[in-house]
file work16.txt (compact mmCIF, C-alpha atoms)
# COMPACT_ATOMS: atom_id res chain seq x y z
CA MET A 1 10.01 62.89 9.68
CA THR A 2 7.98 64.60 12.37
CA ILE A 3 6.40 63.67 15.66
CA LEU A 4 3.50 65.63 17.12
CA LEU A 5 3.49 65.85 20.90
CA PRO A 6 0.46 67.34 22.67
CA ALA A 7 1.54 69.95 25.23
CA VAL A 8 0.14 67.96 28.16
CA HIS A 9 2.41 65.02 27.29
CA ALA A 10 5.40 67.29 26.70
CA ARG A 11 4.91 68.55 30.25
CA GLU A 12 4.52 64.99 31.61
CA ILE A 13 7.84 64.02 30.06
CA GLU A 14 9.57 67.08 31.52
CA LEU A 15 8.11 66.40 34.96
CA HIS A 16 9.26 62.79 34.81
CA GLY A 17 12.81 63.86 33.95
CA GLU A 18 12.74 66.45 36.72
CA SER A 19 11.46 64.05 39.37
CA ALA A 20 13.96 61.34 38.37
CA TYR A 21 16.86 63.82 38.62
CA PRO A 22 19.75 63.23 39.25
CA GLU A 23 18.99 59.79 37.81
CA GLU A 24 17.73 59.26 34.30
CA GLY A 25 14.01 58.78 33.84
CA ALA A 26 12.53 56.93 30.91
CA GLY A 27 9.22 55.84 29.47
CA LEU A 28 7.38 55.05 26.29
CA LEU A 29 5.57 57.14 23.71
CA LEU A 30 2.33 55.50 22.58
CA GLY A 31 0.49 56.81 19.58
CA SER A 32 -0.38 56.40 15.96
CA ILE A 33 1.30 56.78 12.62
CA GLU A 34 -0.76 58.75 10.16
CA ASP A 35 -0.59 58.89 6.39
CA GLY A 36 2.79 59.98 5.18
CA GLY A 37 4.47 58.66 8.31
CA LEU A 38 3.47 61.56 10.55
CA ARG A 39 3.64 60.38 14.17
CA ARG A 40 1.24 61.55 16.83
CA VAL A 41 1.67 60.81 20.54
CA HIS A 42 -1.57 59.88 22.32
CA ARG A 43 -0.20 58.79 25.63
CA THR A 44 3.01 58.52 27.62
CA LEU A 45 3.86 55.57 29.78
CA PRO A 46 6.52 56.21 32.44
CA LEU A 47 8.49 53.08 33.30
CA PRO A 48 10.95 52.31 36.06
CA ASN A 49 14.63 52.68 35.28
CA ARG A 50 15.88 49.10 35.62
CA TRP A 51 19.57 49.80 35.16
CA GLU A 52 21.12 47.52 37.73
CA ASP A 53 23.79 49.46 39.50
CA GLU A 54 24.58 52.91 40.76
CA ALA A 55 25.02 54.36 37.30
CA ARG A 56 21.37 55.34 36.88
CA ALA A 57 22.53 58.97 36.63
CA ARG A 58 24.08 58.06 33.29
CA ARG A 59 22.02 55.08 32.15
CA TYR A 60 18.52 53.81 31.79
CA ARG A 61 17.14 50.44 30.92
CA ILE A 62 13.58 49.39 30.24
CA ASP A 63 12.90 45.80 31.11
CA PRO A 64 11.78 43.53 28.26
CA ILE A 65 8.83 42.34 30.33
CA ASP A 66 7.71 45.95 30.89
CA LEU A 67 8.06 46.56 27.17
CA LEU A 68 6.17 43.43 26.23
CA GLU A 69 3.28 44.38 28.52
CA ALA A 70 3.26 47.89 27.13
CA GLU A 71 3.25 46.56 23.58
CA GLU A 72 0.24 44.37 24.33
CA THR A 73 -1.64 47.20 26.07
CA ALA A 74 -0.90 49.51 23.16
CA GLU A 75 -2.12 46.97 20.63
CA GLN A 76 -5.38 46.45 22.53
CA ASP A 77 -5.96 50.19 22.38
CA GLY A 78 -5.09 50.34 18.70
CA LEU A 79 -1.89 52.24 19.42
CA THR A 80 1.76 51.64 18.57
CA ILE A 81 4.85 52.17 20.67
CA LEU A 82 6.31 55.06 18.72
CA GLY A 83 9.41 55.36 20.79
CA ILE A 84 11.15 55.99 24.06
CA TYR A 85 11.72 59.13 26.01
CA HIS A 86 14.55 59.51 28.48
CA SER A 87 16.27 62.30 30.33
CA HIS A 88 19.91 63.33 30.26
CA PRO A 89 20.69 64.83 33.67
CA ASP A 90 23.13 67.74 33.22
CA HIS A 91 23.85 66.65 29.67
CA PRO A 92 22.65 67.95 26.29
CA ALA A 93 19.58 66.48 24.57
CA HIS A 94 21.87 64.76 22.08
CA PRO A 95 22.11 60.99 21.75
CA SER A 96 25.37 59.63 23.13
CA ALA A 97 27.61 56.98 21.62
CA PHE A 98 26.06 54.60 24.12
CA ASP A 99 22.57 55.55 22.92
CA LEU A 100 23.68 54.82 19.35
CA GLU A 101 25.11 51.43 20.17
CA ARG A 102 21.88 50.38 21.87
CA ALA A 103 19.40 52.02 19.54
CA LEU A 104 16.64 50.20 17.71
CA PRO A 105 15.43 51.26 14.31
CA PHE A 106 11.97 52.78 13.88
CA TYR A 107 11.66 54.15 17.42
CA THR A 108 11.64 57.86 18.13
CA TYR A 109 14.18 58.63 20.83
CA LEU A 110 13.01 61.71 22.66
CA ILE A 111 15.74 63.09 24.91
CA THR A 112 15.16 65.75 27.52
CA GLU A 113 18.04 67.73 28.93
CA VAL A 114 17.54 68.29 32.67
CA ARG A 115 19.86 70.74 34.44
CA SER A 116 19.76 70.99 38.23
CA ALA A 117 16.33 69.30 38.32
CA ALA A 118 14.83 71.65 35.69
CA ALA A 119 13.98 70.47 32.18
CA VAL A 120 15.76 72.61 29.59
CA GLU A 121 14.87 71.24 26.16
CA SER A 122 13.66 68.10 24.43
CA ARG A 123 14.74 66.85 21.03
CA ALA A 124 13.70 63.83 19.01
CA TRP A 125 16.02 61.47 17.15
CA ARG A 126 15.80 58.37 15.01
CA LEU A 127 18.42 55.80 14.15
CA ALA A 128 19.64 56.13 10.57
CA GLU A 129 19.03 53.11 8.37
CA ASP A 130 22.74 52.25 8.27
CA ARG A 131 22.85 52.34 12.09
CA GLY A 132 25.80 54.74 11.85
CA SER A 133 24.18 57.82 13.34
CA PHE A 134 21.03 59.43 14.63
CA GLU A 135 18.96 61.78 12.50
CA GLU A 136 17.04 64.54 14.17
CA GLU A 137 13.29 64.21 13.87
CA GLY A 138 11.03 67.24 13.87
CA LEU A 139 9.38 67.61 17.28
CA THR A 140 6.24 69.71 17.27
CA VAL A 141 4.44 70.40 20.51
CA VAL A 142 0.79 70.82 19.58
CA ALA A 143 -2.16 72.20 21.51
CA ASP A 144 -4.02 69.57 23.48
CA GLN A 145 -7.05 68.04 21.89
CA LYS A 146 -9.68 65.52 22.76
CA GLU A 147 -8.42 61.96 22.70
CA HIS A 148 -9.19 60.34 19.42
CA ARG A 149 -8.04 57.09 18.03
CA MET B 1 9.28 25.43 12.07
CA SER B 2 9.17 27.74 15.04
CA LEU B 3 6.95 30.76 15.25
CA VAL B 4 8.87 33.93 16.10
CA ARG B 5 7.19 37.04 17.43
CA ILE B 6 8.79 40.19 16.05
CA PRO B 7 8.74 43.42 18.08
CA THR B 8 7.19 46.51 16.51
CA PRO B 9 10.46 48.29 15.64
CA LEU B 10 11.72 45.29 13.66
CA ARG B 11 8.49 44.60 11.75
CA PRO B 12 9.44 46.93 8.90
CA TYR B 13 12.11 44.32 8.11
CA THR B 14 9.72 41.36 8.14
CA GLU B 15 7.27 42.83 5.64
CA GLY B 16 5.26 44.22 8.55
CA LYS B 17 4.55 40.76 9.93
CA LYS B 18 4.09 40.36 13.67
CA GLU B 19 4.91 36.67 13.59
CA VAL B 20 7.11 34.85 11.16
CA GLU B 21 8.35 31.31 10.78
CA ALA B 22 11.94 30.17 10.97
CA SER B 23 13.56 26.84 11.61
CA GLY B 24 16.50 25.48 13.49
CA PRO B 25 17.38 23.15 16.35
CA THR B 26 18.47 25.93 18.72
CA VAL B 27 17.60 29.53 19.46
CA ILE B 28 20.68 30.88 17.69
CA ALA B 29 20.03 28.65 14.67
CA VAL B 30 16.46 29.94 14.39
CA LEU B 31 17.67 33.56 14.61
CA GLU B 32 20.31 32.87 11.94
CA ASP B 33 17.63 31.31 9.74
CA LEU B 34 15.40 34.32 10.37
CA ALA B 35 18.19 36.72 9.38
CA GLY B 36 18.71 34.63 6.24
CA ARG B 37 15.05 34.95 5.29
CA TYR B 38 14.97 38.69 5.96
CA PRO B 39 18.47 40.01 5.16
CA SER B 40 17.63 43.61 6.07
CA LEU B 41 16.79 42.39 9.58
CA ARG B 42 20.24 40.93 10.14
CA PRO B 43 22.13 44.13 11.10
CA HIS B 44 19.52 44.84 13.76
CA LEU B 45 19.84 41.40 15.35
CA PHE B 46 23.56 40.82 14.99
CA ASN B 47 26.50 43.18 15.30
CA GLY B 48 29.46 43.34 12.92
CA GLU B 49 31.11 40.37 14.61
CA GLY B 50 28.02 38.22 14.20
CA ARG B 51 27.05 38.36 17.88
CA LEU B 52 23.54 39.13 19.05
CA ARG B 53 23.08 42.82 19.80
CA PRO B 54 22.82 43.61 23.49
CA TYR B 55 19.17 44.68 23.30
CA VAL B 56 17.99 41.40 21.77
CA ASN B 57 16.22 39.34 24.42
CA VAL B 58 14.72 36.03 23.44
CA PHE B 59 11.94 34.25 25.24
CA VAL B 60 10.95 30.66 24.53
CA ASN B 61 7.36 29.99 25.53
CA ASP B 62 7.48 33.02 27.85
CA LEU B 63 10.78 31.95 29.47
CA ASP B 64 13.86 34.12 29.16
CA ILE B 65 16.61 32.09 27.48
CA ARG B 66 19.10 33.51 29.98
CA GLY B 67 17.37 31.27 32.53
CA LEU B 68 17.55 28.34 30.11
CA GLU B 69 20.64 27.56 28.08
CA GLY B 70 21.02 30.91 26.40
CA GLU B 71 21.51 30.99 22.64
CA ALA B 72 22.13 27.25 22.67
CA THR B 73 18.69 26.48 24.11
CA ALA B 74 17.26 23.55 22.15
CA LEU B 75 13.91 23.98 20.46
CA ASP B 76 11.28 21.73 19.00
CA ALA B 77 8.84 22.67 16.30
CA THR B 78 6.02 23.63 18.64
CA ASP B 79 8.09 26.14 20.62
CA ARG B 80 7.15 29.75 20.25
CA LEU B 81 9.90 32.36 20.29
CA MET B 82 9.59 36.01 21.16
CA ILE B 83 12.17 38.66 20.43
CA VAL B 84 11.70 41.43 22.95
CA PRO B 85 14.07 44.37 22.99
CA SER B 86 15.39 45.66 26.26
CA ILE B 87 15.70 49.33 25.71
CA ALA B 88 18.73 51.04 27.13
CA GLY B 89 20.71 54.19 26.69
CA GLY B 90 21.99 57.10 28.60
CA SER B 91 23.98 60.22 28.49
CA GLY B 92 27.29 58.74 27.52
CA PRO B 93 30.00 56.24 28.27
CA GLU B 94 32.02 58.86 30.02
CA SER B 95 32.75 58.11 33.61
CA LEU B 96 34.05 60.32 36.34
CA ARG B 97 37.58 59.91 37.58
CA PRO B 98 39.05 60.63 40.97
CA VAL B 99 40.33 64.20 41.12
CA ASP B 100 42.27 65.32 44.19
CA HIS B 101 40.85 68.73 45.03
CA ALA B 102 43.43 69.23 47.77
CA ALA B 103 46.11 69.18 45.06
CA LEU B 104 44.13 71.75 43.06
CA ARG B 105 43.70 74.03 46.06
CA THR B 106 47.39 73.81 46.96
CA ASN B 107 48.20 74.72 43.38
CA GLN B 108 45.91 77.76 43.52
CA ALA B 109 47.37 78.88 46.84
CA VAL B 110 50.93 78.65 45.51
CA ILE B 111 49.99 80.52 42.34
CA ILE B 112 48.35 83.32 44.35
CA GLY B 113 51.31 83.49 46.74
CA LEU B 114 53.89 83.69 43.97
CA LEU B 115 51.95 86.27 41.97
CA VAL B 116 51.48 88.50 45.02
CA ALA B 117 55.19 88.11 45.80
CA ALA B 118 56.02 89.05 42.22
CA PHE B 119 53.92 92.20 42.53
CA VAL B 120 55.34 93.20 45.93
CA ALA B 121 58.93 92.59 44.78
CA ASP B 122 58.17 94.16 41.39
CA ALA B 123 59.53 91.03 39.75
CA PRO B 124 57.72 90.40 36.45
CA LEU B 125 60.13 87.58 35.78
CA LEU B 126 58.60 85.58 38.65
CA ALA B 127 55.14 86.00 37.08
CA ALA B 128 56.57 84.82 33.78
CA ILE B 129 58.01 81.72 35.47
CA VAL B 130 54.61 80.96 37.04
CA ALA B 131 53.00 81.33 33.60
CA ALA B 132 55.52 78.92 32.09
CA LEU B 133 55.02 76.37 34.87
CA MET B 134 51.21 76.58 34.52
CA LEU B 135 51.43 76.00 30.77
CA TRP B 136 53.88 73.14 31.24
CA GLY B 137 51.61 71.59 33.90
CA SER B 138 48.60 71.82 31.54
CA VAL B 139 50.56 70.09 28.81
CA ARG B 140 51.46 67.31 31.23
CA GLY B 141 47.91 67.19 32.56
CA ARG B 142 48.74 67.93 36.18
CA PRO B 143 48.74 70.94 38.50
CA ALA B 144 51.81 73.13 37.98
CA PHE B 145 52.87 72.92 41.64
CA VAL B 146 51.88 69.34 42.31
CA GLY B 147 55.43 68.77 43.63
CA ILE B 148 54.80 71.19 46.52
CA TYR B 149 51.53 69.41 47.26
CA GLN B 150 53.29 66.04 47.38
CA LEU B 151 55.85 67.51 49.76
CA LEU B 152 53.13 68.87 52.06
CA ARG B 153 51.33 65.54 51.95
CA ARG B 154 54.44 63.72 53.01
CA THR B 155 54.76 65.97 56.03
CA GLY B 156 51.14 65.19 56.90
CA ARG B 157 50.08 68.84 56.75
CA ILE B 158 47.55 68.23 54.03
CA ARG B 159 45.16 65.40 53.35
CA PRO B 160 43.91 64.35 49.94
CA ASP B 161 40.36 65.38 49.07
CA THR B 162 39.56 63.04 46.23
CA LEU B 163 36.19 63.48 44.51
CA PRO B 164 34.65 61.85 41.42
CA ASP B 165 35.09 64.58 38.85
CA ASN B 166 36.34 65.36 35.35
CA PRO B 167 40.04 66.25 35.25
CA GLU B 168 39.77 68.00 31.85
CA PRO B 169 38.01 71.20 32.98
CA HIS B 170 40.62 71.75 35.71
CA ARG B 171 43.38 71.20 33.21
CA PHE B 172 41.68 73.69 30.89
CA ALA B 173 41.30 76.21 33.73
CA GLN B 174 45.03 76.07 34.43
CA LEU B 175 45.80 76.40 30.73
CA LEU B 176 43.56 79.47 30.55
CA GLY B 177 45.30 81.01 33.58
CA GLY B 178 48.71 80.23 32.10
CA LEU B 179 47.74 81.86 28.81
CA VAL B 180 46.41 85.04 30.43
CA LEU B 181 49.56 85.24 32.53
CA SER B 182 51.69 84.74 29.40
CA VAL B 183 49.94 87.65 27.70
CA GLY B 184 50.75 89.64 30.88
CA SER B 185 54.42 88.69 30.58
CA LEU B 186 54.34 89.77 26.96
CA ALA B 187 52.94 93.12 28.10
CA PHE B 188 55.88 93.49 30.53
CA ALA B 189 58.30 92.66 27.74
CA LEU B 190 56.69 95.28 25.51
CA GLY B 191 57.04 97.92 28.21
CA ALA B 192 53.43 98.02 29.45
CA PRO B 193 53.77 97.07 33.13
CA ASP B 194 50.27 98.34 34.02
CA ALA B 195 48.67 95.92 31.58
CA GLY B 196 51.06 93.22 32.80
CA TRP B 197 50.06 93.64 36.45
CA ALA B 198 46.37 93.92 35.56
CA LEU B 199 46.42 90.54 33.81
CA THR B 200 48.47 89.06 36.66
CA ALA B 201 45.83 90.35 39.09
CA VAL B 202 43.07 88.71 37.02
CA VAL B 203 44.77 85.32 37.26
CA ALA B 204 45.44 85.71 40.99
CA ALA B 205 41.81 86.80 41.56
CA LEU B 206 40.38 83.83 39.64
CA ALA B 207 42.64 81.46 41.54
CA GLY B 208 41.38 83.13 44.73
CA ILE B 209 37.72 82.69 43.78
CA ASN B 210 38.49 79.04 43.14
CA LEU B 211 40.42 78.59 46.38
CA PHE B 212 38.10 80.46 48.71
CA ALA B 213 34.68 80.24 47.07
CA GLY B 214 35.05 76.86 45.35
CA VAL B 215 34.12 78.33 41.97
CA CYS B 216 36.34 77.37 39.05
CA VAL B 217 35.67 79.96 36.36
CA GLY B 218 37.90 78.15 33.86
CA CYS B 219 35.94 74.91 34.45
CA MET B 220 32.72 76.85 33.99
CA SER B 221 33.96 78.09 30.60
CA TYR B 222 34.91 74.53 29.71
CA TYR B 223 31.38 73.25 30.46
CA TRP B 224 29.79 76.10 28.55
CA MET B 225 31.85 75.25 25.52
CA ALA B 226 30.86 71.59 25.90
CA ARG B 227 27.25 72.68 25.97
CA PHE B 228 27.66 74.46 22.68
CA HIS B 229 29.42 71.41 21.23
CA VAL B 230 32.77 73.12 20.72
CA PRO B 231 35.08 70.34 19.45
CA GLY B 232 37.40 69.02 22.15
CA PHE B 233 35.02 69.98 24.96
CA SER B 234 32.94 66.90 25.61
CA LYS B 235 32.57 66.41 29.36
CA SER B 236 29.48 67.31 31.37
CA PRO B 237 29.58 68.32 35.01
CA PRO B 238 29.17 65.47 37.50
CA PRO B 239 25.44 64.84 38.09
CA GLY B 240 23.88 67.28 40.51
CA THR B 241 26.83 69.67 40.29
CA ILE B 242 26.55 73.25 39.11
CA PRO B 243 29.15 73.72 36.33
CA GLY B 244 32.39 74.98 37.83
CA ARG B 245 31.40 74.20 41.42
CA ARG B 246 33.06 71.56 43.51
CA PRO B 247 31.37 68.15 43.03
CA THR B 248 29.26 67.17 45.99
CA GLY B 249 31.05 63.87 46.09

call {"tool": "encode", "arguments": {"input": "work16.txt", "output": "structure tokens"}}
result
Amino acid sequence: MTILLPAVHAREIELHGESAYPEEGAGLLLGSIEDGGLRRVHRTLPLPNRWEDEARARRYRIDPIDLLEAEETAEQDGLTILGIYHSHPDHPAHPSAFDLERALPFYTYLITEVRSAAAVESRAWRLAEDRGSFEEEGLTVVADQKEHR
Amino acid sequence: MSLVRIPTPLRPYTEGKKEVEASGPTVIAVLEDLAGRYPSLRPHLFNGEGRLRPYVNVFVNDLDIRGLEGEATALDATDRLMIVPSIAGGSGPESLRPVDHAALRTNQAVIIGLLVAAFVADAPLLAAIVAALMLWGSVRGRPAFVGIYQLLRRTGRIRPDTLPDNPEPHRFAQLLGGLVLSVGSLAFALGAPDAGWALTAVVAALAGINLFAGVCVGCMSYYWMARFHVPGFSKSPPPGTIPGRRPTG
């Protein structure tokens, strides 16, 4: 269970978390699934944090309409939404109980810890089949390469 | 039969199909029928109590059912349903609570005053009493000298300074101070007054740094332990706050 993240996209995700600080920033990971289930990110898609009230420092929400549009765009480009990235301002890159309650299967949840507006570390997680916990997914930042699909 | 569009993350449970058929007179009936056809899909649509999970949004012919009649929205066979997840999460259900920093500062000032008085009067017993009160306060989850603060408040000499914060690190800081001071008292009892006064000075100095510089070293240790996932240390500093510093409010 591994996801390959080109360095340029790893940096984009960090920058998004840093610029959203002290709120949470979130977006989608678009890419492909190769033989053996290896996931490769081709593109990131930052999305607005639609959480309604003042709690955006502790919460994020991606609107279903935004997701639907992203899913259609991805399909046109022959890509899949592999998962969601979001930042945890001043909080470890571990999924919270709230993340678990809201998690969907299949998606990679990439969490970036941002302390005082500086990204510290990113870790990837996937919901266990019994929905009881998250399992850590290998996150490998790879050298950038030419776009291929 | 209604056609139901399945979002990518749930397709592994519908044999990889993007659209499947299910039947029923209402939205909820169609979803129940769907879960009956694909049993492994059920736990991802419904929670343990049989209610739709919060991320499940349903659209009927591109209209959100929340703008229609919700789960009870009636359907006919030509309606097309879409299940679209709304993705949500965040760094935890924890919420900040009001913490009166004026009470904390009064507590620190009293602790410093009493410890200095103990040193000047060469009264280790007074330091031991402060240690006991700090430990007792930590057990009760309040500042040791909160009574003095309440008295000062009543006279109008001090105003509350309530900030959204975590009470636990402050409680831990007082516990830490009480423990160090207790070890100091033990040193006095064992006939090592130099060690006793040195530990007393450490506690007074840390209370001073907190009072005058707004840096709570005990809170800082709490947050570091939380960062390394030490059991019992779960809180994170309020957003935008350097661990151990006063919240910006």

call {"tool": "atom_distance", "arguments": {"input": "work16.txt", "atom1": "CA of Leu104 (chain B)", "atom2": "CA of Val114 (chain A)"}}
result
28.8 Å

call {"tool": "interface_residues", "arguments": {"input": "work16.txt", "of": "chain A", "to": "chain B", "cutoff": "9 Å", "atoms": "all atoms listed in the file", "output": "NGL selection string"}}
result
:A and (21-24 or 51 or 56-68 or 71 or 80-84 or 86-107 or 115-117 or 130-131)

call {"tool": "write_last_selection", "arguments": {"input": "work16.txt", "atoms": "C-alpha atoms", "output": "PDB file, in the frame of the given file"}}
result
ATOM      1  CA  TYR A  21      16.860  63.820  38.620  1.00  0.00           C
ATOM      2  CA  PRO A  22      19.750  63.230  39.250  1.00  0.00           C
ATOM      3  CA  GLU A  23      18.990  59.790  37.810  1.00  0.00           C
ATOM      4  CA  GLU A  24      17.730  59.260  34.300  1.00  0.00           C
ATOM      5  CA  TRP A  51      19.570  49.800  35.160  1.00  0.00           C
ATOM      6  CA  ARG A  56      21.370  55.340  36.880  1.00  0.00           C
ATOM      7  CA  ALA A  57      22.530  58.970  36.630  1.00  0.00           C
ATOM      8  CA  ARG A  58      24.080  58.060  33.290  1.00  0.00           C
ATOM      9  CA  ARG A  59      22.020  55.080  32.150  1.00  0.00           C
ATOM     10  CA  TYR A  60      18.520  53.810  31.790  1.00  0.00           C
ATOM     11  CA  ARG A  61      17.140  50.440  30.920  1.00  0.00           C
ATOM     12  CA  ILE A  62      13.580  49.390  30.240  1.00  0.00           C
ATOM     13  CA  ASP A  63      12.900  45.800  31.110  1.00  0.00           C
ATOM     14  CA  PRO A  64      11.780  43.530  28.260  1.00  0.00           C
ATOM     15  CA  ILE A  65       8.830  42.340  30.330  1.00  0.00           C
ATOM     16  CA  ASP A  66       7.710  45.950  30.890  1.00  0.00           C
ATOM     17  CA  LEU A  67       8.060  46.560  27.170  1.00  0.00           C
ATOM     18  CA  LEU A  68       6.170  43.430  26.230  1.00  0.00           C
ATOM     19  CA  GLU A  71       3.250  46.560  23.580  1.00  0.00           C
ATOM     20  CA  THR A  80       1.760  51.640  18.570  1.00  0.00           C
ATOM     21  CA  ILE A  81       4.850  52.170  20.670  1.00  0.00           C
ATOM     22  CA  LEU A  82       6.310  55.060  18.720  1.00  0.00           C
ATOM     23  CA  GLY A  83       9.410  55.360  20.790  1.00  0.00           C
ATOM     24  CA  ILE A  84      11.150  55.990  24.060  1.00  0.00           C
ATOM     25  CA  HIS A  86      14.550  59.510  28.480  1.00  0.00           C
ATOM     26  CA  SER A  87      16.270  62.300  30.330  1.00  0.00           C
ATOM     27  CA  HIS A  88      19.910  63.330  30.260  1.00  0.00           C
ATOM     28  CA  PRO A  89      20.690  64.830  33.670  1.00  0.00           C
ATOM     29  CA  ASP A  90      23.130  67.740  33.220  1.00  0.00           C
ATOM     30  CA  HIS A  91      23.850  66.650  29.670  1.00  0.00           C
ATOM     31  CA  PRO A  92      22.650  67.950  26.290  1.00  0.00           C
ATOM     32  CA  ALA A  93      19.580  66.480  24.570  1.00  0.00           C
ATOM     33  CA  HIS A  94      21.870  64.760  22.080  1.00  0.00           C
ATOM     34  CA  PRO A  95      22.110  60.990  21.750  1.00  0.00           C
ATOM     35  CA  SER A  96      25.370  59.630  23.130  1.00  0.00           C
ATOM     36  CA  ALA A  97      27.610  56.980  21.620  1.00  0.00           C
ATOM     37  CA  PHE A  98      26.060  54.600  24.120  1.00  0.00           C
ATOM     38  CA  ASP A  99      22.570  55.550  22.920  1.00  0.00           C
ATOM     39  CA  LEU A 100      23.680  54.820  19.350  1.00  0.00           C
ATOM     40  CA  GLU A 101      25.110  51.430  20.170  1.00  0.00           C
ATOM     41  CA  ARG A 102      21.880  50.380  21.870  1.00  0.00           C
ATOM     42  CA  ALA A 103      19.400  52.020  19.540  1.00  0.00           C
ATOM     43  CA  LEU A 104      16.640  50.200  17.710  1.00  0.00           C
ATOM     44  CA  PRO A 105      15.430  51.260  14.310  1.00  0.00           C
ATOM     45  CA  PHE A 106      11.970  52.780  13.880  1.00  0.00           C
ATOM     46  CA  TYR A 107      11.660  54.150  17.420  1.00  0.00           C
ATOM     47  CA  ARG A 115      19.860  70.740  34.440  1.00  0.00           C
ATOM     48  CA  SER A 116      19.760  70.990  38.230  1.00  0.00           C
ATOM     49  CA  ALA A 117      16.330  69.300  38.320  1.00  0.00           C
ATOM     50  CA  ASP A 130      22.740  52.250   8.270  1.00  0.00           C
ATOM     51  CA  ARG A 131      22.850  52.340  12.090  1.00  0.00           C
TER      52      ARG A 131
END

call {"tool": "residues_near_point", "arguments": {"input": "work16.txt", "point": "(22.1, 66.0, 14.5)", "cutoff": "10 Å", "atoms": "only C-alpha atoms", "output": "list in words"}}
result
His94, Pro95, Arg123, Ala124, Trp125, Arg126, Ser133, Phe134, Glu135, Glu136 and Glu137 of chain A

call {"tool": "closest_residue", "arguments": {"input": "work16.txt", "among": "B:Ala128, B:Ala22, B:Leu41, B:Cys219", "to": "Trp197 (chain B)", "atoms": "all atoms listed in the file"}}
result
B:Ala128

call {"tool": "closest_residue", "arguments": {"input": "work16.txt", "among": "A:Gly31, A:Val141, A:Leu127, A:Ser19", "to": "Pro6 (chain A)", "atoms": "only C-alpha atoms"}}
result
A:Val141

call {"tool": "atom_distance", "arguments": {"input": "work16.txt", "atom1": "CA of Leu211 (chain B)", "atom2": "CA of Arg97 (chain B)"}}
result
20.8 Å

call {"tool": "atom_distance", "arguments": {"input": "work16.txt", "atom1": "CA of Ile3 (chain A)", "atom2": "CA of Leu29 (chain A)"}}
result
10.4 Å

call {"tool": "closest_residue", "arguments": {"input": "work16.txt", "among": "B:Ile148, B:Ala127, B:Leu34, B:Cys216", "to": "Thr106 (chain B)", "atoms": "only C-alpha atoms"}}
result
B:Ile148

call {"tool": "residues_around", "arguments": {"input": "work16.txt", "residues": "Leu79 (chain A)", "least_positions_apart": "3", "cutoff": "9 Å", "atoms": "only C-alpha atoms", "output": "PyMOL selection string"}}
result
chain A and resi 30-33+42+71+73-76+82+149

call {"tool": "closest_residue", "arguments": {"input": "work16.txt", "among": "A:Arg50, A:Ala26, A:Ala70, A:Gly78", "to": "Leu110 (chain A)", "atoms": "only C-alpha atoms"}}
result
A:Ala26

call {"tool": "residues_around", "arguments": {"input": "work16.txt", "residues": "Ser221 (chain B)", "least_positions_apart": "6", "cutoff": "12 Å", "atoms": "only C-alpha atoms", "output": "PyMOL selection string"}}
result
chain B and resi 168-176+215+227-228+230+233+235-237+243-245
